[in-house]
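**Q** Can you keep this structure in mind? I'll have questions shortly.
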Amino acid sequence: MPPESAIIQIEGVQKRYVLGGEADVFALRGVNLQVNRGSYLAIMGPSGSGKSTMLNILGCLDRPTAGHYWLGGEDVSRMPDDQLSEARGLKIGFIFQSYNLIAQLTVLENIQVPLLYQGKDLRAYHDHCVELANLVGLGSRLSHRPNQLSGGQQQRVAVARSLVNDPLMILADEPTGNLDSRTGLEVLEMIDRLNAGGKTIVLVTHDERVAARAHRVIHMKDGVIDREIINRPPPR
Amino acid sequence: MTRSFQFSSTVRLGIKSLMLHKLRSALTMLGIIFGVCSVIAMLAIGEGASYEAQEAIKRLGSNNILIRSLKPPEQARQQGGNNNRGMNLKYGITYEDGSRLQATIPGVTRVVPMRIIRENVRFNRNEVPCQVIGTLPCYSDVGGAALVRGRFICDLDELHQDNICVITTGLAGRLFPGADPLLHSIKIAAFYYRVVGIVQERSQPEQRAQAGRMEGQPIDNNVYIPLATSRTRFGEVLFRRSAGSFEAEEVQLHQVTVQMRDLTAVESADPQIRTLLNHFHDQNDYEVIVPLQLLRQAEQTKRIFNIVLGSIAAISLLVGGIGIMNIMLATVTERTREIGVRRALGAKRRDITRQFLVETVVLSVGGGLIGVLVGIATPILVSHLTDMKTIITVSSVLLAFGISGAVGIVFGLYPARAAARLDPIDALRHE
Ligand SMILES: Nc1ncnc2c1ncn2[C@@H]1O[C@H](COP(=O)(O)OP(=O)(O)OP(=O)(O)O)[C@@H](O)[C@H]1O
Ligand SMILES: [Mg+2]
């Protein structure tokens, strides 16, 4: 069982892809990791080393083929599909490389989507959503559609969306991968502020400068954690 | 409360997604629109037509059995040997048949004979081709005509072979423009007949049999005279002008209406009448018409019509449904990424199913609604432009609308399930 402070606790997690005919692919070969509340973790590593696979499992989008995963003290590694959906909606905020906003919805509606699946009354949360839009600097763009926004603005909407259910942690897979360095920096500063406000962050990146902002960096290689660097002490 | 709110926001979302591809959604709906519209319109037209047919038959009287004289076919006449032009052609129902029917068939309340003669009727300068119908006072009791003014033929007229007549409203209008017919007499052939009454025609005797010859002529130009008067004034041998030469024929009665006590009596009397007449007629010179049977046939026809209609409607809605399914499958593929995103943001499989199902139902029910409107407008328009009667029944509207909703659910289920089955990661990775 994980200690109280651990939001993420994984033990011996493996992910094997069974491919008919060819040899099976081991994307993860026994990973152990603990992430504490309020910490900021960056995952680095060469392409194909299993970073995204890891993040998918952490995000309850995928189940490990072996090993255990406790999310906020709850074992989610064998959960049925519906409960995984609920865990994603309530405990995790996603930020994707390619923003992944829903094209037919406005900024405000995009921010509201996670509320919808928790059966919450959108009217009651309207002010909350507007507040989040203000937080990411898009308070004046509430009724714009994604295709009317720049990449950086879209990613900021995604940040607001990830926060709407007040999740335990935010998972970001190369959140600045599609952005130029200046707008990327804006998004990273936003993430920094969230972490400073107490949110747990797990972020996958190829960029040393991005990783440098985290408390802790793990380097992956061939499906295992190769080495780990502590940049600065995590908050107590 | 949250639940209904969630549902309404799902519907709004569905409409939004559909509005993203307006043309596509409209074209998809078109299939359902046509399906629903055709069901309602065709049912309304069918209902109207069968209503008119049934009314026409009912006017003949469902308690009545009609027997009409028929000119025997050419062949039979030649075998009979009295075919030469100018010679008497004798056929049809006789006075004796009438009395036999009255005497032998159980359940008969009245036997109303009719002699129908075509003559021109004159008043002053006006001359109108008419059917001069010699009949008995009880004609008005078997539902043939309704008295408007004056009186119908009475027993004394018959007894005295009076030269009186009763004319139909149509004839009154044509023959006496601006004059009161009841103060005048009309001239038929060589004799004058005093007008004693005006009737409104309900069923037109001979109309069916004579339809071909009656073409272009107004139908309700009828003059009723006492049967006895008809026999003495016109004689038993009638001349008919045909193809430039005269044809003489001896027909005692053109039609006999046998009124039965009730519907069961009609059923049992029908074969008895045929047997009786068959016994005394060696040629096929009469026909027996049972309105009750015609009514049943009309109902049967309507049932068949409804089945055929139902099949056509089912096929058109099926095609519409397949169209919807096709589009929804394409939509699911197109929006795989969106499905992945929604799943990542906490949507359960059933949320995705519901989302796409709602979209198809919005499409089909939207199409259904438009179809209902167009389907109601079409028969109204048809009635306006033609004199066809149409009846829009509430049940047909509900049926068509209900089916359109069902089509949405049935054909939306597969694409919606396909969307829900997608693996979130695969869906997210989809380009
Ligand atoms: N669905 C799958 N089926 C088979 N193999 C897979 C599947 N998904 C991932 N893999 C394999 O798992 C390994 C790890 O993939 P992963 O996407 O986690 O790499 P990554 O570290 O995120 O790489 P990148 O930096 O390029 O994003 C790769 O070898 C990949 O080919
Ligand atoms: Mg990756």
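Ordering of the structure tokens sets the chain letters (A, B, ...); residue numbers start at 1 within each chain; ligands are numbered from 1 in the order shown.
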Residues of chain A near chain B: apply a cut-off of 6 Å, count only C-alpha atoms, and supply the list as a list in words.
**A**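 Output check: Asp82, Ser85, Glu86, Arg88, Gly89, Pro114, Tyr117 and Asp121 of chain A.
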**Q** Can you tell me which residues surround Lys15 (chain A) at a distance of at most 7 Å, considering only C-alpha atoms, apart from same-chain residues fewer than 3 positions away, and format the answer as a list in words?
**A**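 The filter keeps Phe26, Ala27, Leu28, Arg29, Pro64, Thr65 and Ala66 of chain A.
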**Q** Show me which residues are within 8 Å of ligand 2 counting only C-alpha atoms and all ligand atoms, and format the list as a list in words.
**A**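 Final answer, ordered by chain and number: Ser47, Gly48, Gly50, Lys51, Ser52, Thr53, Asp173, Glu174 and Val204 of chain A.
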**Q** Do you have, as JSON lines, the list of residues of chain A lying at most 12 Å from ligand 1, each with its nearest atom pair and that distance in Å to one decimal, counting only C-alpha atoms and all ligand atoms and ordered by chain then number?
**A**
{"residue": "A:Gln14", "atom": "CA", "partner": "ligand 1", "partner_atom_place_in_ligand_line": "12 (O)", "distance": 11.1}
{"residue": "A:Lys15", "atom": "CA", "partner": "ligand 1", "partner_atom_place_in_ligand_line": "12 (O)", "distance": 8.3}
{"residue": "A:Arg16", "atom": "CA", "partner": "ligand 1", "partner_atom_place_in_ligand_line": "5 (N)", "distance": 7.9}
{"residue": "A:Tyr17", "atom": "CA", "partner": "ligand 1", "partner_atom_place_in_ligand_line": "4 (C)", "distance": 5.0}
{"residue": "A:Val18", "atom": "CA", "partner": "ligand 1", "partner_atom_place_in_ligand_line": "4 (C)", "distance": 7.1}
{"residue": "A:Leu19", "atom": "CA", "partner": "ligand 1", "partner_atom_place_in_ligand_line": "4 (C)", "distance": 6.7}
{"residue": "A:Gly20", "atom": "CA", "partner": "ligand 1", "partner_atom_place_in_ligand_line": "4 (C)", "distance": 10.2}
{"residue": "A:Glu22", "atom": "CA", "partner": "ligand 1", "partner_atom_place_in_ligand_line": "4 (C)", "distance": 10.4}
{"residue": "A:Ala23", "atom": "CA", "partner": "ligand 1", "partner_atom_place_in_ligand_line": "4 (C)", "distance": 10.3}
{"residue": "A:Asp24", "atom": "CA", "partner": "ligand 1", "partner_atom_place_in_ligand_line": "4 (C)", "distance": 8.0}
{"residue": "A:Val25", "atom": "CA", "partner": "ligand 1", "partner_atom_place_in_ligand_line": "5 (N)", "distance": 5.7}
{"residue": "A:Phe26", "atom": "CA", "partner": "ligand 1", "partner_atom_place_in_ligand_line": "12 (O)", "distance": 6.5}
{"residue": "A:Ala27", "atom": "CA", "partner": "ligand 1", "partner_atom_place_in_ligand_line": "12 (O)", "distance": 4.0}
{"residue": "A:Leu28", "atom": "CA", "partner": "ligand 1", "partner_atom_place_in_ligand_line": "14 (C)", "distance": 7.4}
{"residue": "A:Arg29", "atom": "CA", "partner": "ligand 1", "partner_atom_place_in_ligand_line": "13 (C)", "distance": 10.6}
{"residue": "A:Ile43", "atom": "CA", "partner": "ligand 1", "partner_atom_place_in_ligand_line": "21 (O)", "distance": 9.2}
{"residue": "A:Met44", "atom": "CA", "partner": "ligand 1", "partner_atom_place_in_ligand_line": "21 (O)", "distance": 8.1}
{"residue": "A:Gly45", "atom": "CA", "partner": "ligand 1", "partner_atom_place_in_ligand_line": "21 (O)", "distance": 6.5}
{"residue": "A:Pro46", "atom": "CA", "partner": "ligand 1", "partner_atom_place_in_ligand_line": "25 (O)", "distance": 5.8}
{"residue": "A:Ser47", "atom": "CA", "partner": "ligand 1", "partner_atom_place_in_ligand_line": "25 (O)", "distance": 3.5}
{"residue": "A:Gly48", "atom": "CA", "partner": "ligand 1", "partner_atom_place_in_ligand_line": "19 (O)", "distance": 3.4}
{"residue": "A:Ser49", "atom": "CA", "partner": "ligand 1", "partner_atom_place_in_ligand_line": "21 (O)", "distance": 4.0}
{"residue": "A:Gly50", "atom": "CA", "partner": "ligand 1", "partner_atom_place_in_ligand_line": "18 (O)", "distance": 3.1}
{"residue": "A:Lys51", "atom": "CA", "partner": "ligand 1", "partner_atom_place_in_ligand_line": "21 (O)", "distance": 3.8}
{"residue": "A:Ser52", "atom": "CA", "partner": "ligand 1", "partner_atom_place_in_ligand_line": "22 (O)", "distance": 3.6}
{"residue": "A:Thr53", "atom": "CA", "partner": "ligand 1", "partner_atom_place_in_ligand_line": "18 (O)", "distance": 3.7}
{"residue": "A:Met54", "atom": "CA", "partner": "ligand 1", "partner_atom_place_in_ligand_line": "18 (O)", "distance": 6.4}
{"residue": "A:Leu55", "atom": "CA", "partner": "ligand 1", "partner_atom_place_in_ligand_line": "18 (O)", "distance": 8.0}
{"residue": "A:Asn56", "atom": "CA", "partner": "ligand 1", "partner_atom_place_in_ligand_line": "18 (O)", "distance": 8.4}
{"residue": "A:Ile57", "atom": "CA", "partner": "ligand 1", "partner_atom_place_in_ligand_line": "18 (O)", "distance": 10.0}
{"residue": "A:Leu58", "atom": "CA", "partner": "ligand 1", "partner_atom_place_in_ligand_line": "18 (O)", "distance": 12.0}
{"residue": "A:Asp62", "atom": "CA", "partner": "ligand 1", "partner_atom_place_in_ligand_line": "1 (N)", "distance": 10.4}
{"residue": "A:Phe96", "atom": "CA", "partner": "ligand 1", "partner_atom_place_in_ligand_line": "27 (O)", "distance": 11.8}
{"residue": "A:Gln97", "atom": "CA", "partner": "ligand 1", "partner_atom_place_in_ligand_line": "27 (O)", "distance": 10.2}
{"residue": "A:Ala172", "atom": "CA", "partner": "ligand 1", "partner_atom_place_in_ligand_line": "22 (O)", "distance": 11.8}
{"residue": "A:Asp173", "atom": "CA", "partner": "ligand 1", "partner_atom_place_in_ligand_line": "22 (O)", "distance": 8.4}
{"residue": "A:Glu174", "atom": "CA", "partner": "ligand 1", "partner_atom_place_in_ligand_line": "27 (O)", "distance": 8.5}
{"residue": "A:Pro175", "atom": "CA", "partner": "ligand 1", "partner_atom_place_in_ligand_line": "27 (O)", "distance": 12.0}
{"residue": "A:Gly177", "atom": "CA", "partner": "ligand 1", "partner_atom_place_in_ligand_line": "27 (O)", "distance": 10.5}
{"residue": "A:Leu203", "atom": "CA", "partner": "ligand 1", "partner_atom_place_in_ligand_line": "22 (O)", "distance": 11.6}
{"residue": "A:Val204", "atom": "CA", "partner": "ligand 1", "partner_atom_place_in_ligand_line": "22 (O)", "distance": 8.2}
{"residue": "A:Thr205", "atom": "CA", "partner": "ligand 1", "partner_atom_place_in_ligand_line": "25 (O)", "distance": 7.9}
{"residue": "A:His206", "atom": "CA", "partner": "ligand 1", "partner_atom_place_in_ligand_line": "25 (O)", "distance": 7.2}
{"residue": "A:Asp207", "atom": "CA", "partner": "ligand 1", "partner_atom_place_in_ligand_line": "25 (O)", "distance": 11.0}
{"residue": "A:His219", "atom": "CA", "partner": "ligand 1", "partner_atom_place_in_ligand_line": "21 (O)", "distance": 10.2}
{"residue": "A:Met220", "atom": "CA", "partner": "ligand 1", "partner_atom_place_in_ligand_line": "21 (O)", "distance": 7.8}
{"residue": "A:Lys221", "atom": "CA", "partner": "ligand 1", "partner_atom_place_in_ligand_line": "21 (O)", "distance": 8.3}
{"residue": "A:Asp222", "atom": "CA", "partner": "ligand 1", "partner_atom_place_in_ligand_line": "14 (C)", "distance": 7.9}
{"residue": "A:Gly223", "atom": "CA", "partner": "ligand 1", "partner_atom_place_in_ligand_line": "14 (C)", "distance": 7.1}
{"residue": "A:Val224", "atom": "CA", "partner": "ligand 1", "partner_atom_place_in_ligand_line": "14 (C)", "distance": 10.6}
{"residue": "A:Ile225", "atom": "CA", "partner": "ligand 1", "partner_atom_place_in_ligand_line": "21 (O)", "distance": 11.4}
**Q** Restricting the calculation to only C-alpha atoms, which member of A:Asn36, A:Asn178, A:Asn165, A:Thr200 is positioned closest to Leu116 (chain A)?
**A** A:Asn165
**Q** Could you write out, as a PyMOL selection string, all the residues of region 154-302 of chain B that DSSP marks as strand (DSSP E or B)?
**A** chain B and resi 164-168+185-188+191-201+222-226+237-242+245-250+253+255-260+286-289
**Q** Distance CA of Ile201 (chain A)-CA of Ala133 (chain A), one decimal place?
**A**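 Taking CA of Ile201 (chain A) and CA of Ala133 (chain A), their separation equals 19.7 Å.
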**Q** In Å, with one decimal, what is the gap from CA of Val187 (chain A) to CA of Gly152 (chain A)?
**A**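 So the answer is 7.3 Å.
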**Q** Find the residue from B:Gln252, B:Asn64, B:Ser364, B:Thr135 that sits nearest to Val288 (chain B); use only C-alpha atoms when measuring.
**A**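 Under the stated criterion, the closest residue is B:Asn64.
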**Q** Would you please give, as an NGL selection string, all residues of region 93-325 of chain B that DSSP assigns to alpha helix (DSSP H) based on the backbone?
**A** :B and (95-104 or 155-160 or 169-175 or 227-234 or 263-280 or 291-325)
**Q** Would you mind listing what lies within 10 Å of Ile164 (chain B) as a PyMOL selection string, with only C-alpha atoms counted and same-chain residues fewer than 2 positions away left out?
**A** chain B and resi 152-153+157-158+161-162+166+185-186+192-197+223-226+229
**Q** Can you pull out every residue within 10 Å of Ala26 (chain B), counting only C-alpha atoms, but drop anything in the same chain fewer than 5 positions away, and send it as JSON, numbers by chain?
**A** {"B": [18, 19, 21, 31, 33, 363, 366, 367]}
**Q** My list of candidates is A:Val164, A:Val159, A:Met190, A:Ala103. Which is closest to His128 (chain A) when distances are computed with only C-alpha atoms?
**A**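 Counting only C-alpha atoms, the residue closest to His128 (chain A) is A:Val164.
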**Q** Grab the CA of Pro137 (chain B) to CA of Asp285 (chain B) distance for me, in Å with one decimal place.
**A**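 These two atoms are separated by 26.2 Å.
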**Q** Give me the residues within 10 Å of Ala377 (chain B) as a PDB file with N, CA and C atoms, in the first residue's frame, counting only C-alpha atoms and dropping any in the same chain fewer than 4 places off.
**A**
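Result saved to out_28.pdb:
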ATOM      1  N   CYS B  37     -43.548  11.884 -45.179  1.00  0.00           N
ATOM      2  CA  CYS B  37     -44.501  12.652 -45.985  1.00  0.00           C
ATOM      3  C   CYS B  37     -45.324  11.721 -46.857  1.00  0.00           C
ATOM      4  N   ILE B  40     -47.998   9.714 -44.840  1.00  0.00           N
ATOM      5  CA  ILE B  40     -49.173  10.496 -44.435  1.00  0.00           C
ATOM      6  C   ILE B  40     -50.017  10.874 -45.653  1.00  0.00           C
ATOM      7  N   ALA B  41     -49.340  11.366 -46.705  1.00  0.00           N
ATOM      8  CA  ALA B  41     -50.075  11.821 -47.881  1.00  0.00           C
ATOM      9  C   ALA B  41     -50.820  10.672 -48.543  1.00  0.00           C
ATOM     10  N   GLY B 371     -41.353  16.086 -42.232  1.00  0.00           N
ATOM     11  CA  GLY B 371     -42.150  15.171 -43.048  1.00  0.00           C
ATOM     12  C   GLY B 371     -43.619  15.242 -42.688  1.00  0.00           C
ATOM     13  N   VAL B 372     -43.921  15.340 -41.391  1.00  0.00           N
ATOM     14  CA  VAL B 372     -45.314  15.434 -40.955  1.00  0.00           C
ATOM     15  C   VAL B 372     -45.947  16.716 -41.513  1.00  0.00           C
ATOM     16  N   LEU B 373     -45.190  17.809 -41.414  1.00  0.00           N
ATOM     17  CA  LEU B 373     -45.737  19.079 -41.918  1.00  0.00           C
ATOM     18  C   LEU B 373     -45.998  19.001 -43.418  1.00  0.00           C
ATOM     19  N   LEU B 381     -53.280  20.287 -50.231  1.00  0.00           N
ATOM     20  CA  LEU B 381     -53.022  20.893 -51.536  1.00  0.00           C
ATOM     21  C   LEU B 381     -53.707  20.088 -52.644  1.00  0.00           C
ATOM     22  N   VAL B 382     -53.596  18.754 -52.528  1.00  0.00           N
ATOM     23  CA  VAL B 382     -54.213  17.881 -53.536  1.00  0.00           C
ATOM     24  C   VAL B 382     -55.724  18.115 -53.571  1.00  0.00           C
ATOM     25  N   ILE B 392     -56.890  13.123 -43.539  1.00  0.00           N
ATOM     26  CA  ILE B 392     -55.679  12.917 -42.747  1.00  0.00           C
ATOM     27  C   ILE B 392     -56.106  12.409 -41.379  1.00  0.00           C
TER      28      ILE B 392
END
**Q** Extract, using only C-alpha atoms, all DNA, RNA and protein residues at most 6 Å from region 405-411 of chain B, discarding same-chain residues fewer than 4 positions from it, and format them as a list in words.
**A**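 In the requested form, the answer reads Gly321, Met325, Thr360, Val361, Ser364 and Val365 of chain B.
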**Q** Can you spit out the residues from that selection as a JSON list (two decimals), in the first residue's frame, using all heavy atoms?
**A**
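Final output, again14.json:
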[["chain", "number", "residue", "atom", "x", "y", "z"],
["B", 321, "GLY", "N", -33.38, 5.23, -43.33],
["B", 321, "GLY", "CA", -32.62, 4.77, -42.17],
["B", 321, "GLY", "C", -31.20, 4.35, -42.54],
["B", 321, "GLY", "O", -30.24, 4.68, -41.84],
["B", 325, "MET", "N", -27.71, 5.79, -41.20],
["B", 325, "MET", "CA", -26.67, 4.94, -40.62],
["B", 325, "MET", "C", -25.34, 5.19, -41.33],
["B", 325, "MET", "O", -24.29, 5.30, -40.69],
["B", 325, "MET", "CB", -27.08, 3.48, -40.76],
["B", 325, "MET", "CG", -26.09, 2.53, -40.16],
["B", 325, "MET", "SD", -26.94, 1.12, -39.46],
["B", 325, "MET", "CE", -26.39, -0.14, -40.53],
["B", 360, "THR", "N", -28.52, 10.88, -34.13],
["B", 360, "THR", "CA", -29.34, 10.21, -35.16],
["B", 360, "THR", "C", -30.81, 10.44, -34.91],
["B", 360, "THR", "O", -31.58, 10.66, -35.85],
["B", 360, "THR", "CB", -29.12, 8.69, -35.22],
["B", 360, "THR", "OG1", -28.69, 8.24, -33.97],
["B", 360, "THR", "CG2", -28.13, 8.32, -36.27],
["B", 361, "VAL", "N", -31.20, 10.40, -33.64],
["B", 361, "VAL", "CA", -32.63, 10.59, -33.36],
["B", 361, "VAL", "C", -33.04, 12.03, -33.69],
["B", 361, "VAL", "O", -34.12, 12.26, -34.22],
["B", 361, "VAL", "CB", -32.95, 10.23, -31.89],
["B", 361, "VAL", "CG1", -34.38, 10.61, -31.55],
["B", 361, "VAL", "CG2", -32.76, 8.74, -31.68],
["B", 364, "SER", "N", -33.48, 12.01, -37.40],
["B", 364, "SER", "CA", -34.66, 11.31, -37.92],
["B", 364, "SER", "C", -35.94, 11.96, -37.41],
["B", 364, "SER", "O", -36.91, 12.08, -38.15],
["B", 364, "SER", "CB", -34.61, 9.83, -37.55],
["B", 364, "SER", "OG", -34.74, 9.68, -36.16],
["B", 365, "VAL", "N", -35.95, 12.39, -36.15],
["B", 365, "VAL", "CA", -37.16, 13.02, -35.63],
["B", 365, "VAL", "C", -37.34, 14.41, -36.26],
["B", 365, "VAL", "O", -38.46, 14.80, -36.59],
["B", 365, "VAL", "CB", -37.12, 13.10, -34.09],
["B", 365, "VAL", "CG1", -38.21, 14.01, -33.57],
["B", 365, "VAL", "CG2", -37.26, 11.72, -33.49]]
**Q** Could you pull the residues within 12 Å of Asp127 (chain A), counting only C-alpha atoms, minus those fewer than 2 positions along the same chain, as number ranges by chain?
**A** A: 108, 111-112, 121-125, 129-134, 139, 142, 164
**Q** Those selected residues, please, written with all heavy atoms and delivered as a compact mmCIF listing (two decimals), in the first residue's frame.
**A**
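What landed in out-v7.txt:
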# COMPACT_ATOMS: atom_id res chain seq x y z
N LEU A 108 -15.74 28.49 -23.89
CA LEU A 108 -16.42 28.20 -22.63
C LEU A 108 -16.94 26.76 -22.60
O LEU A 108 -16.76 26.04 -21.61
CB LEU A 108 -17.58 29.18 -22.44
CG LEU A 108 -18.34 29.05 -21.12
CD1 LEU A 108 -17.43 29.38 -19.95
CD2 LEU A 108 -19.57 29.95 -21.10
N ILE A 111 -14.28 24.22 -22.04
CA ILE A 111 -13.87 24.16 -20.64
C ILE A 111 -14.89 23.36 -19.83
O ILE A 111 -14.56 22.66 -18.88
CB ILE A 111 -13.71 25.59 -20.08
CG1 ILE A 111 -12.56 26.29 -20.80
CG2 ILE A 111 -13.45 25.56 -18.57
CD1 ILE A 111 -12.40 27.76 -20.45
N GLN A 112 -16.17 23.40 -20.26
CA GLN A 112 -17.24 22.73 -19.51
C GLN A 112 -17.33 21.22 -19.73
O GLN A 112 -17.97 20.53 -18.95
CB GLN A 112 -18.59 23.37 -19.87
CG GLN A 112 -18.78 24.77 -19.34
CD GLN A 112 -20.00 25.44 -19.92
OE1 GLN A 112 -20.43 25.11 -21.01
NE2 GLN A 112 -20.56 26.39 -19.19
N ASP A 121 -24.40 20.34 -13.06
CA ASP A 121 -25.24 21.36 -13.67
C ASP A 121 -24.35 22.49 -14.19
O ASP A 121 -23.71 23.20 -13.42
CB ASP A 121 -26.21 21.89 -12.61
CG ASP A 121 -27.20 22.87 -13.23
OD1 ASP A 121 -26.96 23.33 -14.37
OD2 ASP A 121 -28.21 23.16 -12.57
N LEU A 122 -24.30 22.63 -15.50
CA LEU A 122 -23.39 23.60 -16.10
C LEU A 122 -23.68 25.02 -15.64
O LEU A 122 -22.78 25.84 -15.50
CB LEU A 122 -23.47 23.53 -17.62
CG LEU A 122 -23.03 22.21 -18.27
CD1 LEU A 122 -22.87 22.39 -19.77
CD2 LEU A 122 -21.72 21.73 -17.68
N ARG A 123 -24.95 25.30 -15.39
CA ARG A 123 -25.30 26.67 -14.98
C ARG A 123 -24.66 27.02 -13.65
O ARG A 123 -24.18 28.13 -13.44
CB ARG A 123 -26.83 26.82 -14.89
CG ARG A 123 -27.46 27.00 -16.26
CD ARG A 123 -28.97 26.83 -16.18
NE ARG A 123 -29.32 25.47 -15.76
CZ ARG A 123 -30.55 24.98 -15.81
NH1 ARG A 123 -31.54 25.73 -16.24
NH2 ARG A 123 -30.80 23.74 -15.41
N ALA A 124 -24.65 26.01 -12.75
CA ALA A 124 -24.10 26.26 -11.42
C ALA A 124 -22.59 26.50 -11.50
O ALA A 124 -22.02 27.16 -10.64
CB ALA A 124 -24.39 25.07 -10.51
N TYR A 125 -21.95 25.95 -12.54
CA TYR A 125 -20.50 26.06 -12.65
C TYR A 125 -20.08 27.12 -13.66
O TYR A 125 -18.91 27.20 -14.00
CB TYR A 125 -19.91 24.70 -13.03
CG TYR A 125 -19.83 23.76 -11.87
CD1 TYR A 125 -20.95 23.05 -11.46
CD2 TYR A 125 -18.65 23.60 -11.15
CE1 TYR A 125 -20.90 22.19 -10.38
CE2 TYR A 125 -18.59 22.76 -10.06
CZ TYR A 125 -19.72 22.05 -9.69
OH TYR A 125 -19.65 21.22 -8.61
N CYS A 129 -16.22 28.38 -14.55
CA CYS A 129 -15.58 28.20 -15.86
C CYS A 129 -15.07 29.54 -16.40
O CYS A 129 -13.98 29.60 -16.98
CB CYS A 129 -16.56 27.57 -16.84
SG CYS A 129 -17.03 25.91 -16.38
N VAL A 130 -15.85 30.58 -16.19
CA VAL A 130 -15.41 31.90 -16.66
C VAL A 130 -14.15 32.32 -15.91
O VAL A 130 -13.20 32.85 -16.50
CB VAL A 130 -16.54 32.94 -16.45
CG1 VAL A 130 -16.04 34.34 -16.76
CG2 VAL A 130 -17.74 32.60 -17.32
N GLU A 131 -14.12 32.01 -14.60
CA GLU A 131 -12.94 32.30 -13.79
C GLU A 131 -11.70 31.61 -14.36
O GLU A 131 -10.63 32.22 -14.46
CB GLU A 131 -13.20 31.77 -12.38
CG GLU A 131 -12.82 32.70 -11.26
CD GLU A 131 -13.40 32.15 -9.96
OE1 GLU A 131 -12.76 31.23 -9.40
OE2 GLU A 131 -14.49 32.60 -9.55
N LEU A 132 -11.89 30.34 -14.73
CA LEU A 132 -10.75 29.58 -15.28
C LEU A 132 -10.29 30.20 -16.60
O LEU A 132 -9.09 30.29 -16.87
CB LEU A 132 -11.14 28.12 -15.50
CG LEU A 132 -11.27 27.28 -14.22
CD1 LEU A 132 -11.80 25.90 -14.54
CD2 LEU A 132 -9.91 27.18 -13.54
N ALA A 133 -11.27 30.62 -17.41
CA ALA A 133 -10.91 31.25 -18.67
C ALA A 133 -10.13 32.53 -18.42
O ALA A 133 -9.14 32.82 -19.10
CB ALA A 133 -12.17 31.54 -19.49
N ASN A 134 -10.54 33.28 -17.40
CA ASN A 134 -9.79 34.49 -17.03
C ASN A 134 -8.39 34.14 -16.57
O ASN A 134 -7.42 34.82 -16.91
CB ASN A 134 -10.52 35.24 -15.92
CG ASN A 134 -11.72 36.01 -16.45
OD1 ASN A 134 -11.68 36.50 -17.58
ND2 ASN A 134 -12.77 36.09 -15.66
N GLY A 139 -10.56 35.34 -20.97
CA GLY A 139 -11.88 35.78 -20.50
C GLY A 139 -12.66 36.54 -21.55
O GLY A 139 -13.89 36.55 -21.54
N LEU A 142 -14.62 33.96 -24.75
CA LEU A 142 -15.45 32.84 -24.29
C LEU A 142 -16.24 32.17 -25.41
O LEU A 142 -16.42 30.96 -25.42
CB LEU A 142 -16.42 33.30 -23.20
CG LEU A 142 -15.77 33.66 -21.86
CD1 LEU A 142 -16.83 34.08 -20.87
CD2 LEU A 142 -14.98 32.47 -21.32
N VAL A 164 -10.97 22.10 -14.59
CA VAL A 164 -12.35 22.41 -14.24
C VAL A 164 -12.91 21.50 -13.15
O VAL A 164 -13.72 21.93 -12.34
CB VAL A 164 -13.25 22.44 -15.50
CG1 VAL A 164 -13.50 21.04 -16.02
CG2 VAL A 164 -14.54 23.17 -15.23
